[in-house]
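Student: One structure, as structure tokens, below. Some questions next.
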Amino acid sequence: MPSERALLREEILKFKEDRHAIILSHNYQRDEVQEIADFVGDSLELSRTASTIDCDVIVFAGVNFMAESASILSPDKTVLLTEIDAGCPMADMIHVDSPRRERKSFPGFHNPPPFIYPLEFTLRDIKAQYPGVPVVAYVNTTADIKAESDICCTSANVVKVIESLPDETVICIPDRNLSMWAQRNTKKRVITWDGFCHVHERVRSEDVDKARKDHPKALLMAHPECRAEVLEMADHVTSTSGMLRFAKASSEKEFIVGTEIGLMYRLRKENHDKIFYPLRKDMICPTMKKTTLNSIARALKENSYIIKVPEDIRVPAKGALDRMLGVS
Ligand code: 13P
Ligand code: SF4
């Protein structure tokens, strides 16, 4: 008798064929979701795939901003997000206007770089303070933020994107850790935002000390969404797929993984001779974990949840994504 999971997998494969659909999964998804996906990758790879893939339906196993990017890049395809409330809390930390929080007075504008902009302001506030300064939006932003930005970036290409611009000052939103890491790697001035990822932000230097003590031979790979104190202690700072490439190419055998634990699945699957330890076992993104095989089957069966970005936002947002794809 085939197991329930095997039956579900069969059902998904059949629906997929009937609908000429493709399943895209982020590296943080559950093991069984990554297993059934046609393509698994980091945000940059997923954007590239969404812009070029031949299919009628894209089923996105990830979070909202990723499905939005797929819809922006492929408006003629049906884009389905597997769980409607799979959002990214960091993406919700910045708004184009109408701040949710009560405003304080504007801070001074003479702080040494990087200047971190407080969350109670809006993107339009900061643009008004720095007219003509280009806005680099991390892909972990909503479509309307991308539409107000000049160019997007991911954790894999932030420095390259900043360096590609002719300007000496840039505004980089919304992740302060990614922006500060970019600031360390460019001579340009980076003005940033006070957003953060709660999964990476919780890691402290004490966690690195402990992991290094427990695994003295291991190299530490850390995601640029980690705090600066952690990145300073890392052997390699890179995106999720960058970690896959680094571990594969390295002659070392042990690695401490400073990102969401979903990445462990591919690291272990693609490197049988190497050992991987999570930097912290609780580096779990709850919204990334919402998607199950049942969610994928339901998405295909019920054609839900359709993500469609309105044209007046999609067109300028596509400009920002296309400029990034042109750089990397
Ligand atoms: P990557 O682009 O490195 O996969 O990161 C996406 C993300 O959401 C990190 O928290
Ligand atoms: Fe957002 Fe962090 Fe989850 Fe990535 S891991 S989707 S940045 S909350």
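Just remember, in the structure tokens the first chain shown is A, the second B, etc., residues are 1-based per chain, and ligands are 1-based in the order shown.
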Taking 6 positions as the minimum chain separation for residues in the same chain, which residues sit within 9 Å of A:Ser239 when counting only C-alpha atoms? Answer as a PyMOL selection string.
Tutor: chain A and resi 42-43+154-157+222-224+259
Student: Restricting the output to N, CA and C atoms, write the selected residues as a tab-separated table (two decimals), in the first residue's frame.
Tutor:
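Output file part_7.tsv follows:
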chain	number	residue	atom	x	y	z
A	42	ASP	N	17.88	30.29	-4.01
A	42	ASP	CA	17.82	31.51	-3.20
A	42	ASP	C	16.96	32.54	-3.94
A	43	SER	N	16.79	33.70	-3.37
A	43	SER	CA	15.87	34.68	-3.96
A	43	SER	C	16.30	35.10	-5.35
A	154	THR	N	19.53	41.30	-3.88
A	154	THR	CA	19.30	40.18	-2.98
A	154	THR	C	20.53	40.06	-2.09
A	155	SER	N	20.51	39.08	-1.20
A	155	SER	CA	21.67	38.90	-0.33
A	155	SER	C	22.88	38.45	-1.16
A	156	ALA	N	22.63	37.93	-2.36
A	156	ALA	CA	23.72	37.44	-3.19
A	156	ALA	C	24.41	38.54	-3.97
A	157	ASN	N	23.74	39.67	-4.20
A	157	ASN	CA	24.33	40.65	-5.12
A	157	ASN	C	24.32	42.09	-4.61
A	222	ALA	N	27.73	32.46	7.35
A	222	ALA	CA	26.64	33.26	7.92
A	222	ALA	C	25.93	34.05	6.83
A	223	HIS	N	24.62	34.20	7.01
A	223	HIS	CA	23.80	34.97	6.07
A	223	HIS	C	23.94	36.45	6.42
A	224	PRO	N	23.99	37.35	5.42
A	224	PRO	CA	24.16	38.77	5.74
A	224	PRO	C	23.00	39.40	6.51
A	259	THR	N	22.15	30.28	9.15
A	259	THR	CA	20.93	30.73	8.50
A	259	THR	C	19.79	29.78	8.89
Student: Once you count only C-alpha atoms, what closest atom pair and distance in Å to one decimal does each residue of stretch 28-137 of chain A within 10 Å of stretch 305-328 of chain A have, with rows by chain and rising residue number, as a Markdown table?
Tutor:
| residue | atom | partner | partner_atom | distance |
| --- | --- | --- | --- | --- |
| A:Leu44 | CA | A:Leu325 | CA | 8.3 |
| A:Glu45 | CA | A:Leu325 | CA | 10.0 |
| A:Ser47 | CA | A:Leu325 | CA | 8.3 |
| A:Arg48 | CA | A:Leu325 | CA | 7.2 |
| A:Ser51 | CA | A:Asp322 | CA | 9.4 |
| A:Ile58 | CA | A:Ile306 | CA | 9.9 |
| A:Val59 | CA | A:Tyr305 | CA | 9.3 |
| A:Phe60 | CA | A:Ile307 | CA | 9.8 |
| A:Asn64 | CA | A:Ile307 | CA | 8.4 |
| A:Phe65 | CA | A:Ile307 | CA | 9.8 |
| A:Ala67 | CA | A:Ile307 | CA | 6.7 |
| A:Glu68 | CA | A:Ile307 | CA | 6.3 |
| A:Ser69 | CA | A:Leu321 | CA | 8.0 |
| A:Ala70 | CA | A:Ile307 | CA | 8.9 |
| A:Ser71 | CA | A:Lys308 | CA | 5.9 |
| A:Ile72 | CA | A:Arg314 | CA | 5.3 |
| A:Leu73 | CA | A:Lys318 | CA | 6.2 |
| A:Ser74 | CA | A:Lys318 | CA | 9.6 |
| A:Pro75 | CA | A:Lys308 | CA | 7.7 |
| A:Asp76 | CA | A:Lys308 | CA | 9.9 |
| A:Lys77 | CA | A:Lys308 | CA | 9.5 |
| A:Thr78 | CA | A:Ile306 | CA | 6.9 |
| A:Val79 | CA | A:Ile307 | CA | 5.6 |
| A:Leu80 | CA | A:Ile306 | CA | 4.7 |
| A:Leu81 | CA | A:Tyr305 | CA | 5.2 |
| A:Thr82 | CA | A:Tyr305 | CA | 6.5 |
| A:Glu83 | CA | A:Tyr305 | CA | 7.1 |
| A:Ile84 | CA | A:Tyr305 | CA | 6.1 |
| A:Asp85 | CA | A:Tyr305 | CA | 9.9 |
| A:Val135 | CA | A:Ala320 | CA | 9.6 |
| A:Val136 | CA | A:Ala320 | CA | 8.6 |
| A:Ala137 | CA | A:Ala320 | CA | 8.3 |
Student: Counting only C-alpha atoms and all ligand atoms, give me one row per residue of chain A with an atom at most 10 Å from an atom of ligand 1, showing the shortest contact pair and its distance in Å to one decimal, sorted by chain then residue number, as a tab-separated table.
Tutor:
residue	atom	partner	partner_atom_place_in_ligand_line	distance
A:His26	CA	ligand 1	4 (O)	6.7
A:Asn27	CA	ligand 1	4 (O)	6.3
A:Tyr28	CA	ligand 1	4 (O)	7.6
A:Val40	CA	ligand 1	4 (O)	9.8
A:Gly41	CA	ligand 1	4 (O)	6.7
A:Asp42	CA	ligand 1	4 (O)	3.4
A:Ser43	CA	ligand 1	2 (O)	3.7
A:Leu44	CA	ligand 1	2 (O)	5.9
A:Glu45	CA	ligand 1	2 (O)	8.1
A:Leu46	CA	ligand 1	2 (O)	8.6
A:Ser47	CA	ligand 1	2 (O)	9.7
A:Gly62	CA	ligand 1	8 (O)	8.8
A:Val63	CA	ligand 1	8 (O)	8.2
A:Phe65	CA	ligand 1	8 (O)	9.4
A:Met66	CA	ligand 1	8 (O)	8.9
A:Cys88	CA	ligand 1	8 (O)	7.5
A:Met90	CA	ligand 1	8 (O)	8.9
A:Ala91	CA	ligand 1	8 (O)	9.5
A:Tyr138	CA	ligand 1	2 (O)	9.3
A:Val139	CA	ligand 1	2 (O)	8.1
A:Asn140	CA	ligand 1	8 (O)	6.6
A:Cys153	CA	ligand 1	2 (O)	9.3
A:Thr154	CA	ligand 1	2 (O)	5.6
A:Ser155	CA	ligand 1	3 (O)	5.1
A:Ala156	CA	ligand 1	3 (O)	6.3
A:Asn157	CA	ligand 1	2 (O)	9.3
A:Phe196	CA	ligand 1	10 (O)	9.5
A:Cys197	CA	ligand 1	10 (O)	6.6
A:His198	CA	ligand 1	10 (O)	9.1
A:Val199	CA	ligand 1	10 (O)	7.5
A:His200	CA	ligand 1	10 (O)	7.4
A:His223	CA	ligand 1	3 (O)	6.8
A:Pro224	CA	ligand 1	3 (O)	8.1
A:Glu225	CA	ligand 1	10 (O)	6.7
A:Cys226	CA	ligand 1	10 (O)	9.3
A:Thr238	CA	ligand 1	3 (O)	7.1
A:Ser239	CA	ligand 1	3 (O)	3.5
A:Thr240	CA	ligand 1	3 (O)	4.1
A:Ser241	CA	ligand 1	4 (O)	6.4
A:Gly242	CA	ligand 1	3 (O)	7.6
A:Met243	CA	ligand 1	3 (O)	8.7
A:Thr259	CA	ligand 1	10 (O)	7.5
A:Glu260	CA	ligand 1	10 (O)	7.1
A:Leu263	CA	ligand 1	4 (O)	9.0
A:Ile284	CA	ligand 1	10 (O)	9.9
A:Cys285	CA	ligand 1	10 (O)	8.1
A:Met288	CA	ligand 1	8 (O)	8.7
Student: Extract the full set of strand (DSSP E) residues from stretch 190-328 of chain A according to DSSP on the backbone, and format it as an MDAnalysis selection string.
Tutor: chainID A and resid 190:193 219:222 236:237 254:258 275:278
Student: Export, as a PDB file, in the first residue's frame, the selected residues with N, CA, C and O atoms.
Tutor:
ATOM      1  N   VAL A 190      26.198  54.295   2.569  1.00  0.00           N
ATOM      2  CA  VAL A 190      24.944  53.531   2.541  1.00  0.00           C
ATOM      3  C   VAL A 190      24.037  54.044   3.659  1.00  0.00           C
ATOM      4  O   VAL A 190      24.356  53.917   4.838  1.00  0.00           O
ATOM      5  N   ILE A 191      22.904  54.610   3.258  1.00  0.00           N
ATOM      6  CA  ILE A 191      21.895  55.036   4.231  1.00  0.00           C
ATOM      7  C   ILE A 191      20.915  53.886   4.333  1.00  0.00           C
ATOM      8  O   ILE A 191      20.513  53.314   3.314  1.00  0.00           O
ATOM      9  N   THR A 192      20.542  53.523   5.531  1.00  0.00           N
ATOM     10  CA  THR A 192      19.728  52.312   5.633  1.00  0.00           C
ATOM     11  C   THR A 192      18.485  52.512   6.479  1.00  0.00           C
ATOM     12  O   THR A 192      18.137  53.629   6.853  1.00  0.00           O
ATOM     13  N   TRP A 193      17.824  51.422   6.739  1.00  0.00           N
ATOM     14  CA  TRP A 193      16.558  51.379   7.422  1.00  0.00           C
ATOM     15  C   TRP A 193      16.721  50.474   8.624  1.00  0.00           C
ATOM     16  O   TRP A 193      17.615  49.630   8.629  1.00  0.00           O
ATOM     17  N   LEU A 219      33.998  25.397   9.773  1.00  0.00           N
ATOM     18  CA  LEU A 219      33.977  26.768   9.244  1.00  0.00           C
ATOM     19  C   LEU A 219      32.585  27.342   9.478  1.00  0.00           C
ATOM     20  O   LEU A 219      31.590  26.611   9.361  1.00  0.00           O
ATOM     21  N   LEU A 220      32.523  28.637   9.760  1.00  0.00           N
ATOM     22  CA  LEU A 220      31.215  29.277   9.973  1.00  0.00           C
ATOM     23  C   LEU A 220      30.775  30.029   8.715  1.00  0.00           C
ATOM     24  O   LEU A 220      31.478  30.926   8.243  1.00  0.00           O
ATOM     25  N   MET A 221      29.603  29.645   8.196  1.00  0.00           N
ATOM     26  CA  MET A 221      28.998  30.394   7.087  1.00  0.00           C
ATOM     27  C   MET A 221      27.836  31.183   7.691  1.00  0.00           C
ATOM     28  O   MET A 221      27.046  30.625   8.463  1.00  0.00           O
ATOM     29  N   ALA A 222      27.730  32.457   7.346  1.00  0.00           N
ATOM     30  CA  ALA A 222      26.640  33.257   7.923  1.00  0.00           C
ATOM     31  C   ALA A 222      25.926  34.052   6.833  1.00  0.00           C
ATOM     32  O   ALA A 222      26.554  34.525   5.869  1.00  0.00           O
ATOM     33  N   HIS A 236      32.723  32.900   6.166  1.00  0.00           N
ATOM     34  CA  HIS A 236      32.185  33.240   4.849  1.00  0.00           C
ATOM     35  C   HIS A 236      30.773  33.801   5.021  1.00  0.00           C
ATOM     36  O   HIS A 236      29.949  33.200   5.714  1.00  0.00           O
ATOM     37  N   VAL A 237      30.524  34.958   4.399  1.00  0.00           N
ATOM     38  CA  VAL A 237      29.203  35.600   4.479  1.00  0.00           C
ATOM     39  C   VAL A 237      28.593  35.538   3.089  1.00  0.00           C
ATOM     40  O   VAL A 237      29.184  36.024   2.121  1.00  0.00           O
ATOM     41  N   GLU A 254      33.652  20.175   7.847  1.00  0.00           N
ATOM     42  CA  GLU A 254      32.617  20.522   8.835  1.00  0.00           C
ATOM     43  C   GLU A 254      32.253  22.007   8.727  1.00  0.00           C
ATOM     44  O   GLU A 254      33.143  22.851   8.568  1.00  0.00           O
ATOM     45  N   PHE A 255      30.961  22.271   8.865  1.00  0.00           N
ATOM     46  CA  PHE A 255      30.478  23.651   8.689  1.00  0.00           C
ATOM     47  C   PHE A 255      29.400  23.969   9.729  1.00  0.00           C
ATOM     48  O   PHE A 255      28.514  23.140   9.992  1.00  0.00           O
ATOM     49  N   ILE A 256      29.481  25.187  10.260  1.00  0.00           N
ATOM     50  CA  ILE A 256      28.403  25.706  11.113  1.00  0.00           C
ATOM     51  C   ILE A 256      27.571  26.606  10.209  1.00  0.00           C
ATOM     52  O   ILE A 256      28.121  27.445   9.479  1.00  0.00           O
ATOM     53  N   VAL A 257      26.252  26.404  10.236  1.00  0.00           N
ATOM     54  CA  VAL A 257      25.394  27.068   9.251  1.00  0.00           C
ATOM     55  C   VAL A 257      24.597  28.194   9.912  1.00  0.00           C
ATOM     56  O   VAL A 257      23.679  27.936  10.706  1.00  0.00           O
ATOM     57  N   GLY A 258      24.924  29.413   9.560  1.00  0.00           N
ATOM     58  CA  GLY A 258      24.286  30.583  10.176  1.00  0.00           C
ATOM     59  C   GLY A 258      23.140  31.103   9.332  1.00  0.00           C
ATOM     60  O   GLY A 258      23.162  32.254   8.878  1.00  0.00           O
ATOM     61  N   ILE A 275      29.843  17.408   7.222  1.00  0.00           N
ATOM     62  CA  ILE A 275      28.930  17.499   8.374  1.00  0.00           C
ATOM     63  C   ILE A 275      28.516  18.953   8.565  1.00  0.00           C
ATOM     64  O   ILE A 275      29.366  19.859   8.515  1.00  0.00           O
ATOM     65  N   PHE A 276      27.231  19.155   8.816  1.00  0.00           N
ATOM     66  CA  PHE A 276      26.689  20.513   8.973  1.00  0.00           C
ATOM     67  C   PHE A 276      25.996  20.644  10.324  1.00  0.00           C
ATOM     68  O   PHE A 276      25.198  19.779  10.694  1.00  0.00           O
ATOM     69  N   TYR A 277      26.311  21.725  11.041  1.00  0.00           N
ATOM     70  CA  TYR A 277      25.707  21.990  12.347  1.00  0.00           C
ATOM     71  C   TYR A 277      24.957  23.320  12.260  1.00  0.00           C
ATOM     72  O   TYR A 277      25.526  24.307  11.769  1.00  0.00           O
ATOM     73  N   PRO A 278      23.717  23.373  12.760  1.00  0.00           N
ATOM     74  CA  PRO A 278      23.057  24.688  12.771  1.00  0.00           C
ATOM     75  C   PRO A 278      23.727  25.596  13.798  1.00  0.00           C
ATOM     76  O   PRO A 278      24.137  25.133  14.860  1.00  0.00           O
TER      77      PRO A 278
END
Student: So that I can see what lies close to A:Lys274, please list as a list in words the residues with an atom at most 10 Å from it, counting only C-alpha atoms and leaving out residues fewer than 2 positions away in the same chain.
Tutor: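 Counting only C-alpha atoms, the residues come to Ala247, Lys248, Ser250, Ser251, Glu252, Lys253, Glu254, Phe255, Leu267, Arg268, Lys269, Glu270, Asn271, His272 and Phe276 of chain A.
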Student: Using only C-alpha atoms, which of the listed residues (A:Ala86, A:Leu13, A:Cys55, A:Ala50) sits closest to A:Ala37?
Tutor: A:Leu13
Student: Have a look at A:Ala147, A:Ile171, A:Val158, A:Leu279 and name the one nearest to A:Asp207; count only C-alpha atoms.
Tutor: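 Answer, going by the shortest atom-to-atom distance: A:Leu279.
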Student: Measuring atom to atom with only C-alpha atoms and all ligand atoms, identify which of A:Ala211, A:Ile261, A:Ile296, A:Ile36 is nearest to ligand 2.
Tutor: A:Ile261
Student: Neighbouring residues of A:Lys188 were defined as those with any atom within 12 Å, considering only C-alpha atoms; residues of the same chain fewer than 4 positions away were excluded. Please report them as a VMD selection string.
Tutor: chain A and resid 113 to 114 133 159 to 172 179 to 180 182 to 184
Student: Could you name the residues that touch stretch 123-127 of chain A at 12 Å or less, counting only C-alpha atoms, but leaving out those on the same chain fewer than 3 positions away, as an MDAnalysis selection string?
Tutor: chainID A and resid 93:99 103 105:107 109 115:120 130:137 141 144:150 170:174 191:194
Student: Kindly indicate which residue among A:Lys213, A:Arg9, A:Arg202, A:Arg245 lies nearest to ligand 2, using only C-alpha atoms and all ligand atoms for the distances.
Tutor: A:Arg202
Student: Atom CA of A:Thr287 and atom CA of A:Glu232 are how many Å apart?
Tutor: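 Separating atom CA of A:Thr287 from atom CA of A:Glu232 is a distance of 28.1 Å.
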